[in-house]
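A short worksheet on the structure shown next.
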Protein chains: 6
Amino acid sequence: MGRTLRELWDGNEATIGGWCSIPSPFSAEMMGRCGFDWVCIDTQHGVIGYDQMMPMLQALSITRTPAFVRVPWNQPDHIMKALDAGAQGVIVPMVSTEEDARAAVTAAKYPPAGTRSWGPIRAALDVDDYSAEVGNRRTIVAVMIETPGGVDNLDAILAVPGVDAVYVGPSDLALGHGMTPTLSVSDPEHERLIEAIVDGCRRHGVVAGIHCDSVETVRRWHARGYGMFTVGSDAALMRQAATAVVAQAFEGSREVVLPKTGQYA
Amino acid sequence: MGRTLRELWDGNEATIGGWCSIPSPFSAEMMGRCGFDWVCIDTQHGVIGYDQMMPMLQALSITRTPAFVRVPWNQPDHIMKALDAGAQGVIVPMVSTEEDARAAVTAAKYPPAGTRSWGPIRAALDVDDYSAEVGNRRTIVAVMIETPGGVDNLDAILAVPGVDAVYVGPSDLALGHGMTPTLSVSDPEHERLIEAIVDGCRRHGVVAGIHCDSVETVRRWHARGYGMFTVGSDAALMRQAATAVVAQAFEGSREVVLPKTGQYA
Amino acid sequence: MGRTLRELWDGNEATIGGWCSIPSPFSAEMMGRCGFDWVCIDTQHGVIGYDQMMPMLQALSITRTPAFVRVPWNQPDHIMKALDAGAQGVIVPMVSTEEDARAAVTAAKYPPAGTRSWGPIRAALDVDDYSAEVGNRRTIVAVMIETPGGVDNLDAILAVPGVDAVYVGPSDLALGHGMTPTLSVSDPEHERLIEAIVDGCRRHGVVAGIHCDSVETVRRWHARGYGMFTVGSDAALMRQAATAVVAQAFEGSREVVLPKTGQYA
Amino acid sequence: MGRTLRELWDGNEATIGGWCSIPSPFSAEMMGRCGFDWVCIDTQHGVIGYDQMMPMLQALSITRTPAFVRVPWNQPDHIMKALDAGAQGVIVPMVSTEEDARAAVTAAKYPPAGTRSWGPIRAALDVDDYSAEVGNRRTIVAVMIETPGGVDNLDAILAVPGVDAVYVGPSDLALGHGMTPTLSVSDPEHERLIEAIVDGCRRHGVVAGIHCDSVETVRRWHARGYGMFTVGSDAALMRQAATAVVAQAFEGSREVVLPKTGQYA
Amino acid sequence: MGRTLRELWDGNEATIGGWCSIPSPFSAEMMGRCGFDWVCIDTQHGVIGYDQMMPMLQALSITRTPAFVRVPWNQPDHIMKALDAGAQGVIVPMVSTEEDARAAVTAAKYPPAGTRSWGPIRAALDVDDYSAEVGNRRTIVAVMIETPGGVDNLDAILAVPGVDAVYVGPSDLALGHGMTPTLSVSDPEHERLIEAIVDGCRRHGVVAGIHCDSVETVRRWHARGYGMFTVGSDAALMRQAATAVVAQAFEGSREVVLPKTGQYA
Amino acid sequence: MGRTLRELWDGNEATIGGWCSIPSPFSAEMMGRCGFDWVCIDTQHGVIGYDQMMPMLQALSITRTPAFVRVPWNQPDHIMKALDAGAQGVIVPMVSTEEDARAAVTAAKYPPAGTRSWGPIRAALDVDDYSAEVGNRRTIVAVMIETPGGVDNLDAILAVPGVDAVYVGPSDLALGHGMTPTLSVSDPEHERLIEAIVDGCRRHGVVAGIHCDSVETVRRWHARGYGMFTVGSDAALMRQAATAVVAQAFEGSREVVLPKTGQYA
């Protein structure tokens, strides 16, 4: 806590982030108090729209936890509004081509690097001498490589100036390549794709990040060169812990009906 | 209540839906308790954004009423977020070309049928063995034919695999063809267009739906082959009933000033 | 629309009000556009707390529809906050004694008539030369007579200066006297109580109001001397109209399952 | 899931509940999907007001998880509004005297058992033949014994008809008796108080409940006769799980700064 | 207050508008009570999403203050939803080409002038005989000229039928042309650009508007031909006034630490 | 910024606070960035309920600005919930007797000093070794002396242990003593009362605070011994600044209609 995303990126150390799917500034503040290097507010698959995201960014400011926003789609409105509201970085889903990557960077950066419109209403808060240069330097752009196109065009995407990180969604990556969506990678082809991406990142000096389902998975990919991780989400961690309580409370003394599996929060 | 949209679609029976314009999970729950086969949350012309839509989808889950969301525009972000949040179907406005239709289906379906990103945070709830296949089969895509282009390209649109229904907006259909927007169809040309659409749907085995202003209009179009109906909206039904109370309460004993007509909620 | 509650009260004409149970400024605006003389936001049995009530009062200001708030309980915080936010009157539930009535009036009026604290943040808007006197005169206090104590102490309650109206809750009145709660009054003892109240009101020059379930019930009590009416609520009117649509849409051509009765919204 | 609170109470089996401190209908739904017998929305120490509580009660209805609301204080407005909105039970803090207990029951029950006002706007939903009798029987009243007065007047409180359960807040119990507030009971005097309460409950046929910090604590008090449990809260479970992720992710490879302890969410 | 945007536009008089960045219907109402000719809700750089914008438009209706919405981006969904919700005009950012301008107008106008979909849920309120023609005439489209492309294509943009106004964002204009973003124009090249735009507007009979930082700046550009102005925003005016209070309260008697400059709200 | 309320109180220096009437975490953050020693969220006359207050307290945490909450009324539920949510102090309106003062302190302090219930969900955040003692010491209780009873019982009230400050509401003070409510004190009797209060505070070593309408008024009362000040409110400062813009923008070139005076936000 306390370092900016850019400082983390310059630090060359692996980072661990929290993932917010619950639309609540209170749960966001709690996530910001768990020791994560950064927290991402997921406005793509989390059930969070702009009007809930905004006070969540405020909540993360309390502990100076730098925030990513995963935008719903690669559109300038989503990217610019997230950054104005105080996100230090964006995670942009389904980047499949060099053009996609360029569009994401362009929306995230002020001229001359891009076309971001000036209005850093929360972005400039607590920043000394905020300017277009400072803002551009502070902003981290992470593109998701998770489609067949993204894999095919990996080097072209990674070569786009301003692409600071790749964030891998293993489920979409599997699904797009004809496999079952999962974070528990066992299919060799799935593993090969994940490894190809980190190798590409190394070639281009780009941080490789990945969504994980457990600490074990973090260690697995960390060992393979990945350097930016999340595990589950606020809702998933809560549900797992709560379900464990139910399962264990009366062990041996009464039965309880545990919920069906197959939930993705 | 209790059947999924897909089961309703496979059932070959006419269905009646409720229409939500009021941004409130309480009014949505009430609409879900009126016996409708399904309820649509209108985020196009209703005054509802994502952060209000989300708990409305929760509210409809209480009675297992399957939900459509009418998205604001044919964009992947709107379609994917609505489905993730638990809508079983989307109604996509102003589909004018085969490409439009294909784009709508593509956003609504996981690979290989489309490019929907995996993250069924509420979509997978209460579904046995949710998978990409199950999700794709469950999802109903209804495209609105309401522009001159839509009429011209009717067959090409209806031939797009994954188009499950057409939903006609008679007002836009009229307006786009030089007539006055209305749900009370009296212009023969207006009627001809509405009939042409249902005839096209019959040719392609696609359900034909239409927005109505009264039960009488439902019967009129039902007799002509339409099979998916709504009447007014939550707000319109409420206003009509409330205005009738005012008009009748003091009949003969005092005057009341009724509101001007010309309201469209 | 356009007259203040006080002007309505001074006008000696029967009035009809709308009743809001849905927590939404949009549905409140719609209710304010139906021709009602006034609209009441029900924060007792409606599912509305202060933070939803506030923009609903704004919504009613659009059409200058004067607003009552039914407070959750006879407490100064509820009464003062409703009035500050712009309600022109309060309906206070379960007033059973002269002390109860006096407490309600005291909270609603500035010194010397009461102890209302000064801070008319929305109450003073659009009022010429707002002052404590003007505010006190504008404010209508309606007490609910619906408990056995309220009936027993009717004359003492009605004699409290500042009690402008009685509002009868027929359901609580029945229930408190050992009958089944209902708005459809058929039990002679129930009817006798309702008549006793209006007779008391006439003796004291206080307006008698009553919650009704239909226009017919309005007429019944109007003929008996009542002068302030509501019929159902926003949610109830909407549900009745929507259920009728479902019941009638396919008459004779397919069956629909109507929701169970016994709903009280 | 699926049984009412009353059925659980009649079932004579120990129950485990979830505890909601996060003001969000989405996290409430998630808590309702963890297998708990019931879930309590904490509007006393949780950061939840009425307008957030309401859609949370809707969210719990999705899985038919019966809901308690812990009210902020022993006031009729809080108790009645929670029950109207669909809570099947209330947990009333700081009940110290027979009068306190009687006041809680009176507010929670319709006449003749109490003075609850009639308006079961969500309470009657999905209940066959809802009536005052049915409503009264369904409603569970749990009083918190956690003050010296509560301990002193234990038998008088437990003898009040309509008190269905005692819920112990070990922290307040400790603090009020001169000990440090904690859920990890080690002080013998603290333990003696907790045991005295369950013994009293057994004498009066009242269910004894207690707030726990772990599954082990559940088992400890279960063995001693308690029959109604919670462990932590939504926020606490989430924070503990998230902090564990941070602590373990890079074990041995880099340091992380874990947040200070001493958080009470 | 009371005149429509169109009447203001036809009035040929300079107008002054308020600017809302705070997502609150209460602050919007306050801004609507300050005497501005119109108020703009800024959903581009203000921290306002759709679900907060909607009740803000209601709040402005209270005083009949006509509302602009600055949309986040030149997209039909943003434009159509703002107009349906009751905005009388849209301000469209970053219009750089004739095609951009045409797209903005097309989304804002019903056929045959454009492709706006029919559903004037709040737009038709209080409008006599609302129709497509009436709606089109009422709607003001203001395009922002603030990019190099916008300047280059000025005449082509201004020649697009339906462009009623240009609104200049001096900060983006500077930034896009290699200067420091500022509202305090001192760079001669910056000034030249601003003057070129107003000259273009005069050629095409289009109103020229500009965002200002002070009353002095308003007068400067008014003298140069501009006719539509704003000064700062709700948040900026509040912060400036509040900071002045802090600075002056204890002058000479104690020191206070004033916040760093560099804030852009 | 950065010091706790207790540190400010121990510092013996005059303090200046901001006053929040707008229900918005964004405007609260802005108020927290203006240099105020503390900010008060007014849930009595401001249009703010609990669910809006909560994220506003989060917003003030961003800059470590200590927060007061003015509670709606002297009730334990309001006081305890405000403190749990992170307020460092409460301002309690209309304290008229020693019993009133004692009730306020009792609700604000943990045993043995009071009866505050343990659950410092946000209160303990960022506090080292939070405990009942620490919590009690941190909490500032300010009682409002503004009724005739309050003036009469001044010494008894000020002698209650735990009363840290008096906050004078000049408007209520005037109104309760038969004068016109105003913050611009000119009536000698009004002045006498205000002076009597500060003299009493000096006798008892209690900080004397007062609500002001301008910096001049701050200086006037500061000179007379007062040491805790506010000027207007967020909404009032904003409105005054905005109205000045309107008044001055076109001076001499066109007329504008300024809003009527008599607004109290």
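A note on labels: chains of the structure tokens are A, B, ... as shown, every chain counts residues from 1, and ligands are counted from 1 in their shown order.
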Exercise for review: Mind listing the alpha helix (DSSP H) residues of segment 17-135 of chain D, per DSSP on the backbone, as a VMD selection string?
Suggested key: chain D and resid 25 to 31 50 to 62 76 to 84 98 to 108 132 to 135
Could you produce a table of the residues of chain A lying within 10 Å of chain B, with the nearest pair of atoms per residue and their separation in Å rounded to one decimal, using only C-alpha atoms, ordered by chain and increasing residue number, as a Markdown table?
```
| residue | atom | partner | partner_atom | distance |
| --- | --- | --- | --- | --- |
| A:Ser21 | CA | B:Ile121 | CA | 8.8 |
| A:Pro23 | CA | B:Asp51 | CA | 8.6 |
| A:Thr43 | CA | B:Lys81 | CA | 8.7 |
| A:Gln44 | CA | B:Lys81 | CA | 6.8 |
| A:His45 | CA | B:Gly119 | CA | 5.4 |
| A:Gly46 | CA | B:Ile121 | CA | 7.0 |
| A:Val47 | CA | B:Ala85 | CA | 6.4 |
| A:Ile48 | CA | B:Asp51 | CA | 6.7 |
| A:Gly49 | CA | B:Asp51 | CA | 5.3 |
| A:Tyr50 | CA | B:Asp51 | CA | 7.5 |
| A:Asp51 | CA | B:Asp51 | CA | 6.6 |
| A:Gln52 | CA | B:Asp51 | CA | 6.8 |
| A:Met53 | CA | B:Asp51 | CA | 9.6 |
| A:Val71 | CA | B:Asp77 | CA | 9.2 |
| A:Pro72 | CA | B:Asp77 | CA | 5.6 |
| A:Trp73 | CA | B:Asp77 | CA | 5.6 |
| A:Asn74 | CA | B:Asp77 | CA | 8.9 |
| A:Gln75 | CA | B:Asp77 | CA | 9.1 |
| A:His78 | CA | B:Asp77 | CA | 9.9 |
| A:Pro93 | CA | B:Ser117 | CA | 8.6 |
| A:Met94 | CA | B:Ser117 | CA | 7.9 |
| A:Glu146 | CA | B:Ser117 | CA | 9.2 |
| A:Thr147 | CA | B:Thr115 | CA | 8.7 |
| A:Gly169 | CA | B:Trp118 | CA | 8.9 |
| A:Pro170 | CA | B:Trp118 | CA | 9.7 |
| A:Ser171 | CA | B:Trp118 | CA | 6.5 |
| A:Asp172 | CA | B:Trp118 | CA | 5.6 |
| A:Leu173 | CA | B:Trp118 | CA | 9.4 |
| A:Ala174 | CA | B:Trp118 | CA | 9.9 |
| A:Leu175 | CA | B:Pro111 | CA | 6.4 |
| A:Gly176 | CA | B:Pro111 | CA | 5.7 |
| A:His177 | CA | B:Pro111 | CA | 8.4 |
| A:Gly178 | CA | B:Pro112 | CA | 7.4 |
| A:Met179 | CA | B:Pro111 | CA | 9.9 |
| A:Thr180 | CA | B:Ser131 | CA | 8.0 |
| A:Pro181 | CA | B:Trp118 | CA | 7.5 |
| A:Thr182 | CA | B:Trp118 | CA | 9.6 |
| A:Ala235 | CA | B:Ile121 | CA | 9.9 |
| A:Pro259 | CA | B:Asp126 | CA | 9.6 |
| A:Lys260 | CA | B:Asp126 | CA | 8.1 |
| A:Thr261 | CA | B:Asp129 | CA | 8.6 |
| A:Gly262 | CA | B:Asp129 | CA | 6.6 |
| A:Gln263 | CA | B:Leu125 | CA | 6.0 |
| A:Tyr264 | CA | B:Ile121 | CA | 5.0 |
| A:Ala265 | CA | B:Ile121 | CA | 4.8 |
```
Point to revise | Who sits within 12 Å of segment 8-14 of chain D, only C-alpha atoms, same chain under 5 positions skipped, as number ranges by chain | key: A: 246, 249-251, 253-256; D: 1-3, 36-38, 65-67, 88-89, 137-142, 163-165, 205-210, 218-219, 221-230
Exercise for review: Do a neighbour search on segment 26-31 of chain D at 6 Å with only C-alpha atoms, toss out local chain neighbours closer than 4 positions, and write the hits as a PyMOL selection string.
Suggested key: chain D and resi 56+59-60
For Val151 of chain B, please output as a tab-separated table (two decimals) with all heavy atoms, in the first residue's frame all residues within 8 Å (counting only C-alpha atoms; exclusion window: fewer than 6 positions along the same chain).
```tsv
chain	number	residue	atom	x	y	z
B	96	SER	N	-30.91	-3.64	-38.45
B	96	SER	CA	-31.29	-3.23	-39.81
B	96	SER	C	-30.64	-4.07	-40.89
B	96	SER	O	-31.05	-4.00	-42.05
B	96	SER	CB	-30.89	-1.76	-40.04
B	96	SER	OG	-31.58	-0.92	-39.15
B	145	ILE	N	-37.11	-5.48	-35.38
B	145	ILE	CA	-37.26	-5.03	-36.77
B	145	ILE	C	-38.15	-3.81	-36.71
B	145	ILE	O	-39.34	-3.91	-36.38
B	145	ILE	CB	-37.89	-6.14	-37.65
B	145	ILE	CG1	-37.04	-7.41	-37.60
B	145	ILE	CG2	-38.07	-5.64	-39.09
B	145	ILE	CD1	-35.68	-7.32	-38.25
B	193	LEU	N	-46.75	-3.62	-43.03
B	193	LEU	CA	-45.38	-3.88	-42.56
B	193	LEU	C	-45.39	-4.90	-41.43
B	193	LEU	O	-44.56	-5.82	-41.40
B	193	LEU	CB	-44.74	-2.57	-42.07
B	193	LEU	CG	-44.43	-1.54	-43.16
B	193	LEU	CD1	-44.10	-0.18	-42.52
B	193	LEU	CD2	-43.25	-2.02	-44.00
B	197	ILE	N	-43.73	-8.74	-41.51
B	197	ILE	CA	-42.72	-9.26	-40.58
B	197	ILE	C	-43.13	-10.62	-40.03
B	197	ILE	O	-42.33	-11.56	-39.98
B	197	ILE	CB	-42.48	-8.24	-39.44
B	197	ILE	CG1	-41.85	-6.96	-40.01
B	197	ILE	CG2	-41.56	-8.84	-38.37
B	197	ILE	CD1	-41.77	-5.81	-39.03
```
Check your understanding: Between E:Val231, E:Leu158, E:Leu237, E:Ala103, which has the minimum distance to Val39 of chain E (counting only C-alpha atoms)?
Key -> E:Val231
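Note that atom CA of Cys201 of chain A and atom CA of Val166 of chain A are 7.4 Å apart.
Computed from the coordinates, the atom CA of Ser214 of chain B to atom CA of Ala242 of chain C distance equals 10.9 Å.
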Check your understanding: Could you write out, as a PyMOL selection string, all the residues of segment 32-141 of chain C that DSSP marks as strand (DSSP E or B)?
Key -> chain C and resi 38-42+67-70+89-92+140-141
Study note, to complete from the structure: What separates atom CA of Gly32 of chain A and atom CA of Val215 of chain A is a distance of 18.7 Å
